[in-house]
Amino acid sequence: MKKLKEVVITLIFPILFLIMWQILSIRIDNHMILPELQRVIGILLEPRQSLIGIGSLFWNIYISLMRVLIGYGMAIILGVPLGIMIGCSRKIEKLLSGFLNLFRPIPPLAWVPLVLAWFGIASIATVVGVTSGKLYTLLNNLKLSMLFIIFMGAFFPILTNTIFGIKGVQKTLVDSVLTLGANKWHVLLKVLLPASMPSILTGLKIGLGVAWMCLVSAEMLPGSIAGVGYLITHAYQVTRIDIVITGIVTISLIGIFFEGIFRFIEKKFFKWQSMSR
Amino acid sequence: MKEIIRLREVNKTFTSEKGHNIEALQDINLSIEESQFICLLGPSGSGKSTLLRLMAGLMDASEGEVEVMGKSIKKPISEASMVFQEYSLLPWRNIIDNVAFGLEVRKVPKKEGYAIARNILGKFGLEGFEKNYPYELSGGMQQRAAIARAMAVSPEILYMDEPFGALDAHTRLQMQQELISFWLKDKRTIVFVTHSVEEAIFLGTRIIVMSSRPGRIIEDFQIDLPYPRDRWSGKFGHYFNRLMDLMNGKSSITEEYSEVYNQCNNL
């Protein structure tokens with residue numbers, strides 16, 4: 001009963017919002033300004049149909065997800081180990097943190113002109129030398145410029161949260177396992193990493209959020225012929241506002257889905273963190 | 001009796017962030033024999049925890065030599081383990097995995113390690129809590145688990161850094177009692193840091209008293225009282241008064257004078 005009540009409460013505003021939307025769209029009666037609810041829902045319910053000549057909703061989501069996951073994956077591969085090293089060693093911190101801090105305040109979008117000058121419309125397909133076939137279609141959509149922007153967005157949240165996590169590990173935890181016979185690797189793998197995991201996870205969550213946000217801007221770059229961001233801008237150019245809104249809704253839904261995964265992991269594996277002290 | 005720990009002319013100086021040198025330990029000469037219950041007693045800032053860390057190999061001396069079991073010590077050795085004041089159990093491991101940690105890093109097979117851990121948990125009254133996490137246990141039980149973890153690797157020496165300092169008064173008395181009855185059966189060397197005079201007299205076979213800034217040994221004597229000790233006996237009170245006077249700096253006028261003089265110089 002209590003659960004039901006909670007669900008109802010969280011649904012009040014979304015439902016009011018949808019009702020307002022529907023009323024307004026009927027009053028305005030111009031689908032080039034505000035399409036009716038059912039038009040957007042219709043597109044969402046048939047994600048496989050081809051839209052305005054740039055493939056289905058599914059295809060565009062797929063391309064966007066691949067871009068984000070690769071840029072984000074690179075940010076994890078570099079950010080987490082680097083964060084661990086900086087967090088563990090004063091010397092490495094002195095060596096790198098000043099340098100890295102030069103780049104941190106730069107909004108990922110500010111890189112766009114430079115990235116275009118460097119990479120143009122080169123893609124992973126160009127790098128690995130694939131020129132035809134199904135693989136080409138996918139790889140050619142993974143433009144280096146986009147991956148770079150997404151990487152830049154995700155890298156710093158991951159890095160700083162990893163450093164913060166490692167530095168925040170209680171010294172007595174490390175000392176106590178040292179006196180129990182642990183070596184350096186034991187300390188890293190059995191203490192520092194698990195102890196800073198909640199913080200690293202926070203970094204991963206924020207990083208994925210930022211990466212996803214950078215996507216639309218990245219997909220507005222030249223050479224983009226697919227992706228949810230491209231779908232939105234392209235639909236705008238042909239005044240299909242219903243598709244624009246569908247794209248926006250899709251981005252929101254996928255963002256919520258990502259967030260949900262992280263929340264599940266936190267609840268399932270890191271209960272100790274919220275319960276200790 | 002066999003000597004197990006020896007410190008010669010040990011000094012320890014810390015450098016603060018502003019570059020000042022802080023002398024934590026000065027001219028420490030000390031010999032500890034095995035199977036003794038040694039209490040390091042002193043006010044905060046007397047370097048007693050630093051001294052313990054030097055013996056445990058968690059820190060290097062600035063000068064002098066620290067020998068444990070005949071060998072100069074540079075890092076923690078497998079023949080010793082340590083119990084801290086609090087928050088030393090790994091919060092993401094349940095109790096049995098915490099207690100088995102030392103065996104795990106010693107590559108003891110998992111089954112065997114659990115058997116040893118279960119046995120020792122029983123000795124410390126923690127049977128039935130194997131699968132619980134530290135946050136589900138009271139402070140006293142967490143410390144019991146921490147002691148069990150340190151004992152699970154069967155060390156020759158057990159270092160304890162104010163292990164009951166964060167517990168409430170009642171639990172603290174109970175834990176002191178348990179520790180003593182455990183030690184009486186087991187008689188391995190314990191070096192126990194405390195700032196409580198009463199705790200030191202209740203537990204120790206020998207008390208080493210330290211003064212603060214710089215940390216020096218100002219008194220070192222045996223407690224000639226049979227176990228279990230009675231806090232209300234006249235002899236206990238006699239030791240208590242003597243130690244309180246010492247801690248308050250009344251033992252010798254020159255000591256007090258030089259202390260004040262030093263402090264004035266530092267200003």
# chains A, B, ... in the order shown; residues from 1 in each chain; ligands from 1
>>> residues_around(residues="Ile61 of chain A", least_positions_apart="6", cutoff="9 Å", atoms="only C-alpha atoms", output="PDB file with N, CA and C atoms, in the first residue's frame")
ATOM      1  N   ALA A 226      24.356   9.690 -38.851  1.00  0.00           N
ATOM      2  CA  ALA A 226      23.475   8.836 -38.048  1.00  0.00           C
ATOM      3  C   ALA A 226      23.641   9.199 -36.583  1.00  0.00           C
ATOM      4  N   GLY A 227      22.772   8.626 -35.775  1.00  0.00           N
ATOM      5  CA  GLY A 227      22.842   8.883 -34.346  1.00  0.00           C
ATOM      6  C   GLY A 227      21.657   9.715 -33.894  1.00  0.00           C
ATOM      7  N   VAL A 228      21.325   9.579 -32.597  1.00  0.00           N
ATOM      8  CA  VAL A 228      20.155  10.274 -32.085  1.00  0.00           C
ATOM      9  C   VAL A 228      20.333  11.797 -32.187  1.00  0.00           C
ATOM     10  N   THR A 250      14.052   9.924 -26.294  1.00  0.00           N
ATOM     11  CA  THR A 250      14.926   8.756 -26.324  1.00  0.00           C
ATOM     12  C   THR A 250      16.188   8.984 -25.494  1.00  0.00           C
ATOM     13  N   ILE A 251      16.792  10.161 -25.686  1.00  0.00           N
ATOM     14  CA  ILE A 251      18.009  10.483 -24.928  1.00  0.00           C
ATOM     15  C   ILE A 251      17.723  10.434 -23.431  1.00  0.00           C
TER      16      ILE A 251
END
>>> closest_atom_pairs(of="segment 43-149 of chain B", to="segment 272-276 of chain A", cutoff="10 Å", atoms="only C-alpha atoms", output="Markdown table")
| residue | atom | partner | partner_atom | distance |
| --- | --- | --- | --- | --- |
| B:Tyr87 | CA | A:Ser276 | CA | 9.4 |
| B:Leu90 | CA | A:Trp272 | CA | 9.7 |
| B:Pro91 | CA | A:Trp272 | CA | 6.1 |
| B:Trp92 | CA | A:Trp272 | CA | 5.7 |
| B:Arg93 | CA | A:Trp272 | CA | 8.7 |
| B:Asn94 | CA | A:Trp272 | CA | 9.8 |
| B:Tyr133 | CA | A:Trp272 | CA | 7.6 |
| B:Pro134 | CA | A:Ser276 | CA | 7.8 |
| B:Tyr135 | CA | A:Ser276 | CA | 5.2 |
| B:Glu136 | CA | A:Met275 | CA | 8.4 |
>>> write_last_selection(atoms="N, CA and C atoms", output="compact mmCIF listing (two decimals), in the first residue's frame")
# COMPACT_ATOMS: atom_id res chain seq x y z
N TYR B 87 38.00 1.13 13.29
CA TYR B 87 37.88 1.15 11.83
C TYR B 87 39.00 0.42 11.12
N LEU B 90 37.91 -4.59 7.33
CA LEU B 90 37.53 -4.19 5.98
C LEU B 90 36.01 -4.22 5.87
N PRO B 91 35.38 -3.06 5.66
CA PRO B 91 33.92 -2.99 5.77
C PRO B 91 33.16 -3.78 4.71
N TRP B 92 33.82 -4.13 3.61
CA TRP B 92 33.13 -4.87 2.55
C TRP B 92 33.29 -6.38 2.71
N ARG B 93 34.01 -6.81 3.75
CA ARG B 93 34.16 -8.24 3.99
C ARG B 93 33.36 -8.63 5.23
N ASN B 94 32.76 -9.81 5.20
CA ASN B 94 32.09 -10.25 6.41
C ASN B 94 33.14 -10.68 7.44
N TYR B 133 28.43 -8.44 8.61
CA TYR B 133 29.40 -7.42 8.20
C TYR B 133 29.75 -6.55 9.40
N PRO B 134 30.95 -5.94 9.37
CA PRO B 134 31.37 -5.14 10.53
C PRO B 134 30.31 -4.13 10.99
N TYR B 135 29.63 -3.47 10.01
CA TYR B 135 28.68 -2.44 10.42
C TYR B 135 27.48 -3.01 11.18
N GLU B 136 27.32 -4.33 11.11
CA GLU B 136 26.20 -4.93 11.84
C GLU B 136 26.57 -5.29 13.28
>>> residues_around(residues="Ile121 of chain A", least_positions_apart="3", cutoff="12 Å", atoms="only C-alpha atoms", output="PDB file with C-alpha atoms, in the first residue's frame")
ATOM      1  CA  VAL A 115      39.259  18.357 -33.307  1.00  0.00           C
ATOM      2  CA  LEU A 116      37.825  18.983 -36.756  1.00  0.00           C
ATOM      3  CA  ALA A 117      41.102  20.436 -37.926  1.00  0.00           C
ATOM      4  CA  TRP A 118      42.946  17.396 -36.618  1.00  0.00           C
ATOM      5  CA  ILE A 124      37.760   4.165 -36.934  1.00  0.00           C
ATOM      6  CA  ALA A 125      37.197   2.632 -40.377  1.00  0.00           C
ATOM      7  CA  THR A 126      39.920   4.938 -41.725  1.00  0.00           C
ATOM      8  CA  VAL A 127      42.267   3.963 -38.919  1.00  0.00           C
ATOM      9  CA  ASN A 140      32.632   4.685 -40.523  1.00  0.00           C
ATOM     10  CA  ASN A 141      30.026   6.105 -38.195  1.00  0.00           C
ATOM     11  CA  LEU A 142      32.501   6.133 -35.337  1.00  0.00           C
ATOM     12  CA  LYS A 143      34.200   9.410 -36.222  1.00  0.00           C
ATOM     13  CA  LEU A 144      37.370  10.139 -34.277  1.00  0.00           C
ATOM     14  CA  SER A 145      36.236  13.709 -33.641  1.00  0.00           C
ATOM     15  CA  MET A 146      33.079  12.519 -31.887  1.00  0.00           C
ATOM     16  CA  LEU A 147      34.882   9.880 -29.866  1.00  0.00           C
ATOM     17  CA  GLU A 219      26.740  14.263 -33.520  1.00  0.00           C
ATOM     18  CA  LEU A 221      29.790  17.637 -36.190  1.00  0.00           C
ATOM     19  CA  PRO A 222      30.322  17.323 -39.958  1.00  0.00           C
ATOM     20  CA  GLY A 223      30.510  13.792 -41.227  1.00  0.00           C
ATOM     21  CA  SER A 224      27.720  12.661 -38.989  1.00  0.00           C
ATOM     22  CA  ILE A 225      25.069  10.757 -40.901  1.00  0.00           C
TER      23      ILE A 225
END
>>> interface_residues(of="chain B", to="chain A", cutoff="6 Å", atoms="only C-alpha atoms", output="list of chain:residue names")
B:Pro76, B:Ser78, B:Ser81, B:Met82, B:Ser88, B:Trp92, B:Gly102, B:Val105, B:Tyr135
>>> residues_around(residues="Gly122 of chain B", least_positions_apart="4", cutoff="12 Å", atoms="only C-alpha atoms", output="ChimeraX atom specification")
/B:96,99,115-118,126-130,144-145,148,152
>>> atom_distance(atom1="atom CA of Thr50 of chain B", atom2="atom CA of Gly165 of chain B")
16.4 Å
>>> closest_residue(among="B:Thr189, B:Gln176, B:Thr171, B:Ser16", to="Met141 of chain B", atoms="only C-alpha atoms")
B:Thr171
>>> residues_around(residues="Tyr159 of chain B", least_positions_apart="3", cutoff="8 Å", atoms="only C-alpha atoms", output="JSON, numbers by chain")
{"B": [52, 56, 80, 81, 82, 83, 190, 191, 192]}
>>> select_by_dssp(residues="segment 56-261 of chain B", states="alpha helix (DSSP H)", output="ChimeraX atom specification")
/B:56,95-99,101-105,110-123,139-152,169-186,197-203,234-247,253-261
>>> closest_residue(among="B:Lys111, B:His20, B:Lys185, B:Arg6", to="Glu67 of chain B", atoms="only C-alpha atoms")
B:Arg6
>>> closest_residue(among="B:Glu156, B:Pro228, B:Gly64, B:Pro43", to="Leu246 of chain B", atoms="only C-alpha atoms")
B:Pro43
